[in-house]
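First up is the structure itself, then whatever we jot down about it.
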2 protein chains.
Amino acid sequence: MTPQSGHVRQAASEHTGEGRRDRTRATNLPALMSLTVVGSIAFDSVKTPFGERDRMLGGAAVHFSLAASFFTEVRPVGPVGEDFGAEQFAVLEGRGVLTEDIERVPGGESFFWRGRYEYDLNVAHTEDTQLGVFGEFVPKLSAAAEGAETLFLANIQPDLQRQVRAQCGSARFSALDSMNLWIDTAKESLLAVIAEVDCVIVNDAEVRQLTGESNLARAARAVMARGPRAVVAKQGEYGAALFTEASFFALPGYPLEDVRDPTGAGDSFAGGFLGYLDSHEGELDEAALRRAMGYGTVLASFNVEEFGTERVATLTREEIDARFADLHAMTRFEPLPAAAE
Amino acid sequence: MTPQSGHVRQAASEHTGEGRRDRTRATNLPALMSLTVVGSIAFDSVKTPFGERDRMLGGAAVHFSLAASFFTEVRPVGPVGEDFGAEQFAVLEGRGVLTEDIERVPGGESFFWRGRYEYDLNVAHTEDTQLGVFGEFVPKLSAAAEGAETLFLANIQPDLQRQVRAQCGSARFSALDSMNLWIDTAKESLLAVIAEVDCVIVNDAEVRQLTGESNLARAARAVMARGPRAVVAKQGEYGAALFTEASFFALPGYPLEDVRDPTGAGDSFAGGFLGYLDSHEGELDEAALRRAMGYGTVLASFNVEEFGTERVATLTREEIDARFADLHAMTRFEPLPAAAE
């Protein structure tokens, strides 16, 4: 641990304290569960056909943490600059997110992304990316973060993912995200960390690109052959598919008539998915993984209804459970065979 | 009816006769149901990364009819040329398809399509289209075809669809397919026939293009506002979504590790969907429509496992029901809320 990171943890922890612990008791979250996520904590400037926002709170670890916060205690790990202050911490802590492992780097600037979406919202056009403090990031986890029962390695350089995976040796369930950039530039490192996680959660195009196999079922099997017991292929508005050794499961995206900003949908999915699994006290069997797919789908759907973290800031667990029940009803059919009628 | 079409029906009916009626009795198909489909009856030359075939039996009405034949009696309506002979009729009649309304035009050539698929199989590249006898097609339905309880207007010029729709006045349920070409060139005619059917079954991109609405849920609602009570948005390998006034339902594509030829998948889906509905003696309610989605998905999945009609030629109802049960299991999750655990 460098001197400044110690200082930073001190600074960050000023934003947490009693308020969080009170909330934890009040919502009866399971006492022994905890979820660590490493990934970007950022400012996003986003323009869609339905509006725009400048420098709003964003980043994979932020969207993930806010989604997971409805299920468990979550600790995001990642660096921020001096531009990241009380307002941003308040959003996270307002949802009970534990911010001690957010490293505030003196003199640094936070990761920044600027993008825009076309009318169909399916493709983001990146207009600017500033790594800022993320360019020098060396993950340093607190003992509490290292002791997490569940771990998510959001989309960062695969060697950093490996470092964090190695530090979290006691995780019951671990998962990672990645992207085409790392498949192109750091494939061996990515394959090495894939071998060390339980689940890969990536876009379906990335499952194909990673394996050089255009058939998604074959591609998912090729990923599982390297170690993971599950592959989740995110399919944007079409939903997500879960491949395990013995089974296949898929859910459509929750149908929405108003989508304002798709940024963070995938990370919100992962947050709902892993947040639920972390809160699940029983075996992480197929039934649990399928319910986790449902919660991931629901959290992603809320995320895209407003810009950035705006919708999640007002979201309640009751709304989540109601939409989860809707999703169940929307995917149910009775298998009465025609011949029997 | 023109003299030659009478002659043609005579010729075509030589291929039917006792064999079909015996089969119908043997499989206990419901006696009063019948399904008419108007659309292309064609030769297809297809090349995919997994092989190629020259001038195999194809066309929307053929793929539809073969899929529907597992559920009900189906009558394809459409013209063929003198190149369409005993071998082609045998494929249809081997599945009990009623061929009396296939109009064999003396001196004519059948509709011909040549296409190829890239490695990812999601996009067909058309290399040649010869309308042949389809260029002069005027639909002339037998009394039996006109009396159908269920009607499918496959993807043909919308004015022809309207003519057929008008002739089948007693249909309990009618549906149509269309394509970008007709939205671009005959949109008013297409909207007119859409107003006269119960269900629109098109690709999701076409739902959007038809309505100028990029949000699929809104686009589907805009289509229903013109008359249909249901919209099925086909989504290729991602499956299909069913929109009704009160509900949303979606199924993933059945996961296959071997897809050889996607040609006809959408028409096979429609054949399974409408074939099941035609065989369903009860009300065509939401539960029936959802089961129909399942059968459509299953028939489409079998179709793409081999080239052209090869897989359907050996398919059995038992295989269909087994895959339908698989699909049900693959889309099922238990809604036990996390909070209750």
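Residue names in the structure tokens use chain letters A, B, ... in the order shown, residue numbers from 1 in each chain, and ligand numbers from 1 in the order shown.
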Expected answer as a PDB file with C-alpha atoms, in the first residue's frame: chain A residues within 8 Å of chain B, only C-alpha atoms:
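Wrote it out as selection.pdb, contents follow:
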```pdb
ATOM      1  CA  TYR A 119     -31.738   6.822 -32.383  1.00  0.00           C
ATOM      2  CA  ASP A 120     -31.830   3.036 -32.098  1.00  0.00           C
ATOM      3  CA  SER A 214     -19.415 -18.142 -34.570  1.00  0.00           C
ATOM      4  CA  ASN A 215     -21.941 -20.565 -33.052  1.00  0.00           C
ATOM      5  CA  LEU A 216     -22.781 -19.170 -29.623  1.00  0.00           C
ATOM      6  CA  ALA A 217     -23.512 -22.523 -27.969  1.00  0.00           C
ATOM      7  CA  ARG A 218     -20.178 -23.911 -29.156  1.00  0.00           C
ATOM      8  CA  TYR A 238     -32.604  -9.142 -26.679  1.00  0.00           C
ATOM      9  CA  SER A 247     -28.141 -26.584 -19.273  1.00  0.00           C
ATOM     10  CA  PHE A 248     -29.154 -23.524 -21.237  1.00  0.00           C
ATOM     11  CA  PHE A 249     -31.376 -20.687 -20.045  1.00  0.00           C
ATOM     12  CA  ALA A 250     -32.323 -17.385 -21.600  1.00  0.00           C
ATOM     13  CA  LEU A 251     -34.372 -14.343 -20.720  1.00  0.00           C
ATOM     14  CA  PRO A 252     -35.543 -11.548 -22.985  1.00  0.00           C
ATOM     15  CA  PRO A 255     -39.727  -4.604 -22.600  1.00  0.00           C
ATOM     16  CA  LEU A 256     -39.643  -0.856 -22.052  1.00  0.00           C
ATOM     17  CA  GLU A 257     -41.359   1.848 -24.034  1.00  0.00           C
ATOM     18  CA  ASP A 258     -38.982   4.497 -22.687  1.00  0.00           C
ATOM     19  CA  TYR A 276     -28.534 -11.798  -5.751  1.00  0.00           C
ATOM     20  CA  SER A 279     -27.315 -12.816  -0.861  1.00  0.00           C
ATOM     21  CA  HIS A 280     -28.341 -16.393  -1.586  1.00  0.00           C
ATOM     22  CA  GLU A 281     -27.520 -18.574   1.384  1.00  0.00           C
ATOM     23  CA  ALA A 287     -32.136 -22.534  -9.923  1.00  0.00           C
ATOM     24  CA  ARG A 290     -31.601 -18.562 -13.169  1.00  0.00           C
ATOM     25  CA  ARG A 291     -33.112 -16.313 -10.527  1.00  0.00           C
ATOM     26  CA  ASP A 321     -39.569  -7.560  -6.891  1.00  0.00           C
ATOM     27  CA  PHE A 324     -39.137  -9.620 -11.334  1.00  0.00           C
ATOM     28  CA  ALA A 325     -42.633 -11.080 -10.974  1.00  0.00           C
ATOM     29  CA  HIS A 328     -41.559 -14.296 -14.698  1.00  0.00           C
ATOM     30  CA  MET A 330     -43.767 -12.690 -19.396  1.00  0.00           C
ATOM     31  CA  THR A 331     -41.639 -15.769 -19.946  1.00  0.00           C
ATOM     32  CA  ARG A 332     -44.032 -18.438 -18.794  1.00  0.00           C
ATOM     33  CA  PHE A 333     -45.969 -20.797 -20.981  1.00  0.00           C
ATOM     34  CA  GLU A 334     -47.850 -23.982 -20.262  1.00  0.00           C
ATOM     35  CA  PRO A 335     -46.425 -26.982 -22.051  1.00  0.00           C
ATOM     36  CA  LEU A 336     -49.741 -28.719 -22.614  1.00  0.00           C
ATOM     37  CA  PRO A 337     -49.059 -30.651 -25.804  1.00  0.00           C
ATOM     38  CA  ALA A 338     -51.345 -29.947 -28.732  1.00  0.00           C
ATOM     39  CA  GLU A 341     -56.189 -31.291 -26.415  1.00  0.00           C
TER      40      GLU A 341
END
```
Quick one: residues within 6 Å of Val202 in chain B, only C-alpha atoms, excluding same-chain residues fewer than 4 positions away - as an MDAnalysis selection string? chainID B and resid 177 233:234
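Between CA of Thr211 in chain A and CA of Val223 in chain A the separation is 7.1 Å.
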Å distance separating CA of Ile201 in chain A from CA of Ala322 in chain B, one decimal place: 29.9 Å
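If you measure from each of B:Gly135, B:Gly271, B:Gly58, B:Gly115 to Phe84 in chain B using only C-alpha atoms, the closest one turns out to be B:Gly58.
The space separating CA of Gln209 in chain A from CA of Glu206 in chain B comes to 28.1 Å.
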The residue from A:Phe70, A:Phe173, A:Phe307, A:Phe50 with the smallest atom-to-atom distance to Leu92 in chain A, counting only C-alpha atoms, is A:Phe70
Per DSSP on the backbone, what are the strand (DSSP E) residues of range 53-136 of chain A, as an MDAnalysis selection string? chainID A and resid 53:58 74:80 102:104 111:117 124:130
Given the selection you just returned, output its residues as a file containing C-alpha atoms, formatted as a CSV table (one decimal), in the first residue's frame.
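Listing of selection34.csv after writing:
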```csv
chain,number,residue,atom,x,y,z
A,53,ARG,CA,-25.9,14.9,-19.3
A,54,ASP,CA,-22.4,16.3,-18.6
A,55,ARG,CA,-20.0,14.6,-16.2
A,56,MET,CA,-22.5,12.5,-14.4
A,57,LEU,CA,-21.4,9.7,-12.0
A,58,GLY,CA,-20.7,6.5,-14.0
A,74,VAL,CA,-20.8,-4.2,-1.9
A,75,ARG,CA,-17.4,-2.7,-1.9
A,76,PRO,CA,-16.2,-1.1,-5.1
A,77,VAL,CA,-12.4,-1.1,-5.6
A,78,GLY,CA,-10.9,1.5,-7.9
A,79,PRO,CA,-9.2,4.9,-8.2
A,80,VAL,CA,-10.8,8.3,-8.4
A,102,ILE,CA,-12.3,3.7,-3.4
A,103,GLU,CA,-8.8,5.2,-3.7
A,104,ARG,CA,-8.8,9.0,-4.1
A,111,PHE,CA,-11.7,8.3,-15.5
A,112,PHE,CA,-13.8,10.2,-18.0
A,113,TRP,CA,-15.9,8.9,-20.9
A,114,ARG,CA,-17.9,10.8,-23.4
A,115,GLY,CA,-20.3,9.0,-25.8
A,116,ARG,CA,-23.4,9.4,-27.8
A,117,TYR,CA,-26.1,7.0,-29.0
A,124,ALA,CA,-22.5,3.7,-28.4
A,125,HIS,CA,-20.1,5.9,-30.2
A,126,THR,CA,-17.2,6.8,-28.0
A,127,GLU,CA,-16.1,10.4,-28.5
A,128,ASP,CA,-13.5,10.7,-25.8
A,129,THR,CA,-11.9,8.6,-23.2
A,130,GLN,CA,-9.5,9.9,-20.5
```
Residue neighbourhood Arg162 in chain B, 9 Å, only C-alpha atoms, exclusion window fewer than 6 positions, as a PyMOL selection string: chain B and resi 153+189-190+192-194+196
Could you write out that same residue set with C-alpha atoms as a PDB file, in the first residue's frame?
```pdb
ATOM      1  CA  LEU B 153     -50.296 -14.590 -46.182  1.00  0.00           C
ATOM      2  CA  SER B 189     -51.296  -1.530 -49.616  1.00  0.00           C
ATOM      3  CA  LEU B 190     -49.406  -3.238 -46.838  1.00  0.00           C
ATOM      4  CA  ALA B 192     -54.449  -1.930 -45.737  1.00  0.00           C
ATOM      5  CA  VAL B 193     -53.961  -5.670 -45.512  1.00  0.00           C
ATOM      6  CA  ILE B 194     -52.456  -5.376 -42.028  1.00  0.00           C
ATOM      7  CA  GLU B 196     -57.501  -7.031 -42.113  1.00  0.00           C
TER       8      GLU B 196
END
```
Excluding Val37 in chain B and any residue of its chain fewer than 6 positions from it, enumerate the residues within 12 Å of it, using only C-alpha atoms, and give them as a PyMOL selection string. chain B and resi 59-69+73-78+97-99+101-102+139+141+145-146+148-156+161+164-165+168+171+174-177+267+270-271+274-275
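The nearest approach to Ser178 in chain B among the residues B:Gly266, B:Gly212, B:Gly81, B:Pro106, with only C-alpha atoms taken into account, belongs to B:Gly266.
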DSSP-assigned alpha helix (DSSP H) members of range 85-143 of chain A, reported as number ranges by chain: A: 86-94, 143
Would you output that residue set with N, CA, C and O atoms, as a PDB file, in the first residue's frame?
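out36.pdb written:
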```pdb
ATOM      1  N   ALA A  86     -17.726  14.758  -2.476  1.00  0.00           N
ATOM      2  CA  ALA A  86     -18.815  14.396  -1.565  1.00  0.00           C
ATOM      3  C   ALA A  86     -20.098  14.055  -2.314  1.00  0.00           C
ATOM      4  O   ALA A  86     -20.836  13.136  -1.934  1.00  0.00           O
ATOM      5  N   GLU A  87     -20.356  14.785  -3.395  1.00  0.00           N
ATOM      6  CA  GLU A  87     -21.600  14.540  -4.136  1.00  0.00           C
ATOM      7  C   GLU A  87     -21.639  13.116  -4.695  1.00  0.00           C
ATOM      8  O   GLU A  87     -22.664  12.425  -4.628  1.00  0.00           O
ATOM      9  N   GLN A  88     -20.489  12.683  -5.239  1.00  0.00           N
ATOM     10  CA  GLN A  88     -20.431  11.337  -5.822  1.00  0.00           C
ATOM     11  C   GLN A  88     -20.469  10.265  -4.724  1.00  0.00           C
ATOM     12  O   GLN A  88     -21.158   9.250  -4.855  1.00  0.00           O
ATOM     13  N   PHE A  89     -19.693  10.500  -3.664  1.00  0.00           N
ATOM     14  CA  PHE A  89     -19.729   9.528  -2.567  1.00  0.00           C
ATOM     15  C   PHE A  89     -21.146   9.404  -1.999  1.00  0.00           C
ATOM     16  O   PHE A  89     -21.581   8.320  -1.605  1.00  0.00           O
ATOM     17  N   ALA A  90     -21.850  10.527  -1.989  1.00  0.00           N
ATOM     18  CA  ALA A  90     -23.193  10.502  -1.396  1.00  0.00           C
ATOM     19  C   ALA A  90     -24.138   9.591  -2.183  1.00  0.00           C
ATOM     20  O   ALA A  90     -25.001   8.921  -1.605  1.00  0.00           O
ATOM     21  N   VAL A  91     -23.978   9.574  -3.510  1.00  0.00           N
ATOM     22  CA  VAL A  91     -24.837   8.694  -4.321  1.00  0.00           C
ATOM     23  C   VAL A  91     -24.601   7.243  -3.934  1.00  0.00           C
ATOM     24  O   VAL A  91     -25.543   6.460  -3.721  1.00  0.00           O
ATOM     25  N   LEU A  92     -23.328   6.888  -3.820  1.00  0.00           N
ATOM     26  CA  LEU A  92     -23.001   5.500  -3.475  1.00  0.00           C
ATOM     27  C   LEU A  92     -23.445   5.177  -2.049  1.00  0.00           C
ATOM     28  O   LEU A  92     -24.068   4.138  -1.800  1.00  0.00           O
ATOM     29  N   GLU A  93     -23.116   6.056  -1.136  1.00  0.00           N
ATOM     30  CA  GLU A  93     -23.409   5.766   0.270  1.00  0.00           C
ATOM     31  C   GLU A  93     -24.908   5.855   0.562  1.00  0.00           C
ATOM     32  O   GLU A  93     -25.401   5.194   1.472  1.00  0.00           O
ATOM     33  N   GLY A  94     -25.602   6.648  -0.231  1.00  0.00           N
ATOM     34  CA  GLY A  94     -27.048   6.682  -0.099  1.00  0.00           C
ATOM     35  C   GLY A  94     -27.679   5.322  -0.354  1.00  0.00           C
ATOM     36  O   GLY A  94     -28.780   5.037   0.114  1.00  0.00           O
ATOM     37  N   ALA A 143      -8.586  -5.568   3.860  1.00  0.00           N
ATOM     38  CA  ALA A 143      -8.834  -6.946   4.306  1.00  0.00           C
ATOM     39  C   ALA A 143     -10.298  -7.319   4.098  1.00  0.00           C
ATOM     40  O   ALA A 143     -10.619  -8.449   3.700  1.00  0.00           O
TER      41      ALA A 143
END
```
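Counting only C-alpha atoms, the residue from B:Arg311, B:Arg172, B:Lys47, B:Arg95 that sits nearest to Ala265 in chain B is B:Arg311.
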